[in-house]
Amino acid sequence: MTITLPILFNNRHILPSGRLPLRVTPGEQLNTVKYAMRNGMDIGVCMDETSPIGAGIGTRVTIEDFSVAADSGALTITVCGHESFVIDSIKENEAGVVEAVCQTLPAWPERAVSNDAQPLAERLLIMFERYPELSSLHKKPNFDDLSWLCQRWLELLPIPASEKQVLMAAHTCSDTAEYLLSLMKDPH
């Protein structure tokens with residue numbers, strides 16, 4: 001399916017079913033958020049445009065909440081990820097906002113967590129217990145679905161953007177699960 005979205009470049013990935021607070025900087029980012037909210041639009045979140053392939057794959061998000069810091073006036077939006085997409089073309093619209101024509105990617109099918117993949121669930125549960133602010137973002141965690149687990153790990157881990165982009169473009173979570181499990185077995 002083809003969609004057109006205002007694009008918000010960020011240094012963090014969000015994936016389908018994910019929730020993430022994003023700090024919005026004044027200027028282009030703030031203008032994009034204002035434009036989307038004023039026009040009742042979703043936003044496409046992509047890795048920072050300075051990355052050589054960072055703008056290629058992103059996720060359509062809706063803004064669920066926002067807050068303004070009393071001391072600095074900084075805006076933080078909480079977004080919810082829907083489907084991932086590949087950008088076909090980017091242009092600046094008449095309002096000065098960067099928009100992209102995108103092709104949606106198929107959703108990863110749900111997949112039961114095998115015994116071999118159980119460490120992904122166990123370690124994410126530990127992360128949620130240690131960081132309640134992370135846990136509070138996910139009202140309905142799905143520790144039994146390998147696709148959901150892999151997507152949360154891709155959001156959390158400091159994996160190079162180029163590697164995340166390749167994993168996000170796959171049609172299933174299989175390669176991502178193998179990659180994540182190899183990281184856990186062979187700490188770097």
# chains A, B, ... in the order shown; residues from 1 in each chain; ligands from 1
$ residues_around --residues "Pro106 in chain A" --least-positions-apart "6" --cutoff "10 Å" --atoms "only C-alpha atoms" --output "PyMOL selection string"
chain A and resi 1+83-85+169-172
$ write_last_selection --atoms "N, CA and C atoms" --output "compact mmCIF listing (two decimals), in the first residue's frame"
# COMPACT_ATOMS: atom_id res chain seq x y z
N MET A 1 0.84 -1.17 0.00
CA MET A 1 0.00 0.00 0.00
C MET A 1 0.90 1.24 0.00
N GLU A 83 2.71 0.37 11.09
CA GLU A 83 3.44 -0.47 10.16
C GLU A 83 4.72 0.21 9.70
N SER A 84 5.69 -0.63 9.33
CA SER A 84 6.94 -0.11 8.78
C SER A 84 6.74 0.15 7.30
N PHE A 85 7.64 0.97 6.75
CA PHE A 85 7.54 1.33 5.34
C PHE A 85 8.93 1.54 4.75
N ALA A 169 13.59 -4.75 7.31
CA ALA A 169 13.06 -4.99 5.96
C ALA A 169 12.67 -6.45 5.72
N ALA A 170 13.08 -7.34 6.61
CA ALA A 170 12.77 -8.77 6.44
C ALA A 170 11.28 -9.02 6.59
N HIS A 171 10.81 -10.13 6.03
CA HIS A 171 9.38 -10.45 6.07
C HIS A 171 8.95 -11.20 7.34
N THR A 172 9.94 -11.69 8.10
CA THR A 172 9.65 -12.37 9.37
C THR A 172 10.71 -11.96 10.39
$ residues_around --residues "range 28-34 of chain A" --least-positions-apart "3" --cutoff "12 Å" --atoms "only C-alpha atoms" --output "short mmCIF file (atom, residue, chain, number, x, y, z; two decimals) with C-alpha atoms, in the first residue's frame"
data_model
loop_
_atom_site.label_atom_id
_atom_site.label_comp_id
_atom_site.auth_asym_id
_atom_site.auth_seq_id
_atom_site.Cartn_x
_atom_site.Cartn_y
_atom_site.Cartn_z
CA LEU A 5 3.52 10.96 5.45
CA PRO A 6 5.28 13.95 6.98
CA ILE A 7 8.66 12.61 8.09
CA LEU A 8 10.28 13.11 11.47
CA PHE A 9 13.97 12.22 11.46
CA ASN A 10 15.17 10.88 14.79
CA LEU A 22 10.62 11.27 21.37
CA ARG A 23 12.14 14.64 22.17
CA VAL A 24 11.17 17.16 19.51
CA THR A 25 13.69 19.86 18.75
CA MET A 37 -1.37 17.52 14.44
CA ARG A 38 -3.04 20.46 12.71
CA ASN A 39 -3.98 18.26 9.74
CA GLY A 40 -4.90 15.11 11.73
CA MET A 41 -2.08 13.12 10.13
CA ASP A 42 0.16 10.32 11.28
CA ILE A 43 3.93 10.81 11.06
CA GLY A 44 6.67 8.65 9.57
CA VAL A 45 9.61 8.26 11.95
CA CYS A 46 12.94 7.46 10.29
CA ASP A 48 18.44 10.47 11.27
CA VAL A 61 3.27 6.42 14.13
CA THR A 62 0.42 8.19 15.86
CA ILE A 63 1.00 10.74 18.58
CA ASP A 65 0.53 12.10 24.23
CA PHE A 66 2.84 15.05 24.62
CA ALA A 74 11.24 21.15 25.42
CA LEU A 75 8.48 19.12 23.80
CA THR A 76 8.33 15.35 24.18
CA ILE A 77 5.79 13.30 22.25
CA THR A 78 4.86 9.72 23.00
CA VAL A 79 4.26 7.83 19.77
CA GLU A 92 9.38 19.36 0.85
CA ASN A 93 5.70 20.34 0.69
CA ALA A 95 4.29 24.22 4.20
CA GLY A 96 8.04 23.54 4.28
CA VAL A 97 7.56 20.08 5.83
CA VAL A 98 9.44 17.05 4.50
CA GLU A 99 6.97 14.45 3.22
#
$ atom_distance --atom1 "CA of Gly81 in chain A" --atom2 "CA of Leu20 in chain A"
8.3 Å
$ closest_residue --among "A:Ile14, A:Ala70, A:Val86, A:Ala117" --to "Leu157 in chain A" --atoms "only C-alpha atoms"
A:Ile14
$ residues_around --residues "Gly18 in chain A" --least-positions-apart "3" --cutoff "12 Å" --atoms "only C-alpha atoms" --output "PDB file with C-alpha atoms, in the first residue's frame"
ATOM      1  CA  ARG A  12      15.891   6.190  17.517  1.00  0.00           C
ATOM      2  CA  HIS A  13      13.912   3.488  15.787  1.00  0.00           C
ATOM      3  CA  ILE A  14      10.338   2.667  16.675  1.00  0.00           C
ATOM      4  CA  LEU A  15       8.712  -0.434  15.254  1.00  0.00           C
ATOM      5  CA  PRO A  21       8.869   9.038  23.901  1.00  0.00           C
ATOM      6  CA  THR A  59       7.507   3.356  10.845  1.00  0.00           C
ATOM      7  CA  ARG A  60       4.159   5.130  10.666  1.00  0.00           C
ATOM      8  CA  VAL A  61       3.269   6.421  14.129  1.00  0.00           C
ATOM      9  CA  THR A  62       0.417   8.185  15.858  1.00  0.00           C
ATOM     10  CA  GLU A  64      -0.602   9.454  21.775  1.00  0.00           C
ATOM     11  CA  THR A  78       4.858   9.715  22.996  1.00  0.00           C
ATOM     12  CA  VAL A  79       4.256   7.831  19.773  1.00  0.00           C
ATOM     13  CA  CYS A  80       2.786   4.433  18.958  1.00  0.00           C
ATOM     14  CA  GLY A  81       4.195   2.486  16.005  1.00  0.00           C
ATOM     15  CA  HIS A  82       1.979   0.900  13.376  1.00  0.00           C
ATOM     16  CA  GLU A  83       3.438  -0.472  10.156  1.00  0.00           C
ATOM     17  CA  SER A  84       6.937  -0.114   8.784  1.00  0.00           C
ATOM     18  CA  LEU A 134      10.028   1.228  29.848  1.00  0.00           C
ATOM     19  CA  SER A 135       7.456  -1.212  31.151  1.00  0.00           C
ATOM     20  CA  SER A 136       4.865   1.547  31.525  1.00  0.00           C
ATOM     21  CA  LEU A 137       5.090   2.295  27.792  1.00  0.00           C
ATOM     22  CA  HIS A 138       3.797  -1.173  26.927  1.00  0.00           C
ATOM     23  CA  LYS A 139       0.312  -1.632  28.362  1.00  0.00           C
ATOM     24  CA  LYS A 140      -0.097  -5.081  26.778  1.00  0.00           C
ATOM     25  CA  PRO A 141       3.331  -6.701  26.531  1.00  0.00           C
ATOM     26  CA  ASN A 142       3.397  -9.921  24.532  1.00  0.00           C
ATOM     27  CA  SER A 147       8.012 -10.969  16.573  1.00  0.00           C
ATOM     28  CA  TRP A 148       6.971  -8.576  19.350  1.00  0.00           C
ATOM     29  CA  LEU A 149      10.082  -9.435  21.388  1.00  0.00           C
ATOM     30  CA  CYS A 150      12.436  -8.925  18.447  1.00  0.00           C
ATOM     31  CA  GLN A 151      10.901  -5.557  17.634  1.00  0.00           C
ATOM     32  CA  ARG A 152      11.284  -4.344  21.216  1.00  0.00           C
ATOM     33  CA  TRP A 153      14.946  -5.442  21.268  1.00  0.00           C
ATOM     34  CA  LEU A 154      15.615  -3.605  17.989  1.00  0.00           C
ATOM     35  CA  GLU A 155      14.172  -0.460  19.569  1.00  0.00           C
ATOM     36  CA  LEU A 156      16.335  -0.817  22.688  1.00  0.00           C
TER      37      LEU A 156
END
$ atom_distance --atom1 "CA of Leu183 in chain A" --atom2 "CA of Asp144 in chain A"
20.4 Å
$ atom_distance --atom1 "CA of Gly73 in chain A" --atom2 "CA of Pro26 in chain A"
9.9 Å
$ select_by_dssp --residues "range 46-146 of chain A" --states "strand (DSSP E)" --output "number ranges by chain"
A: 46-47, 57-68, 75-92, 98-104
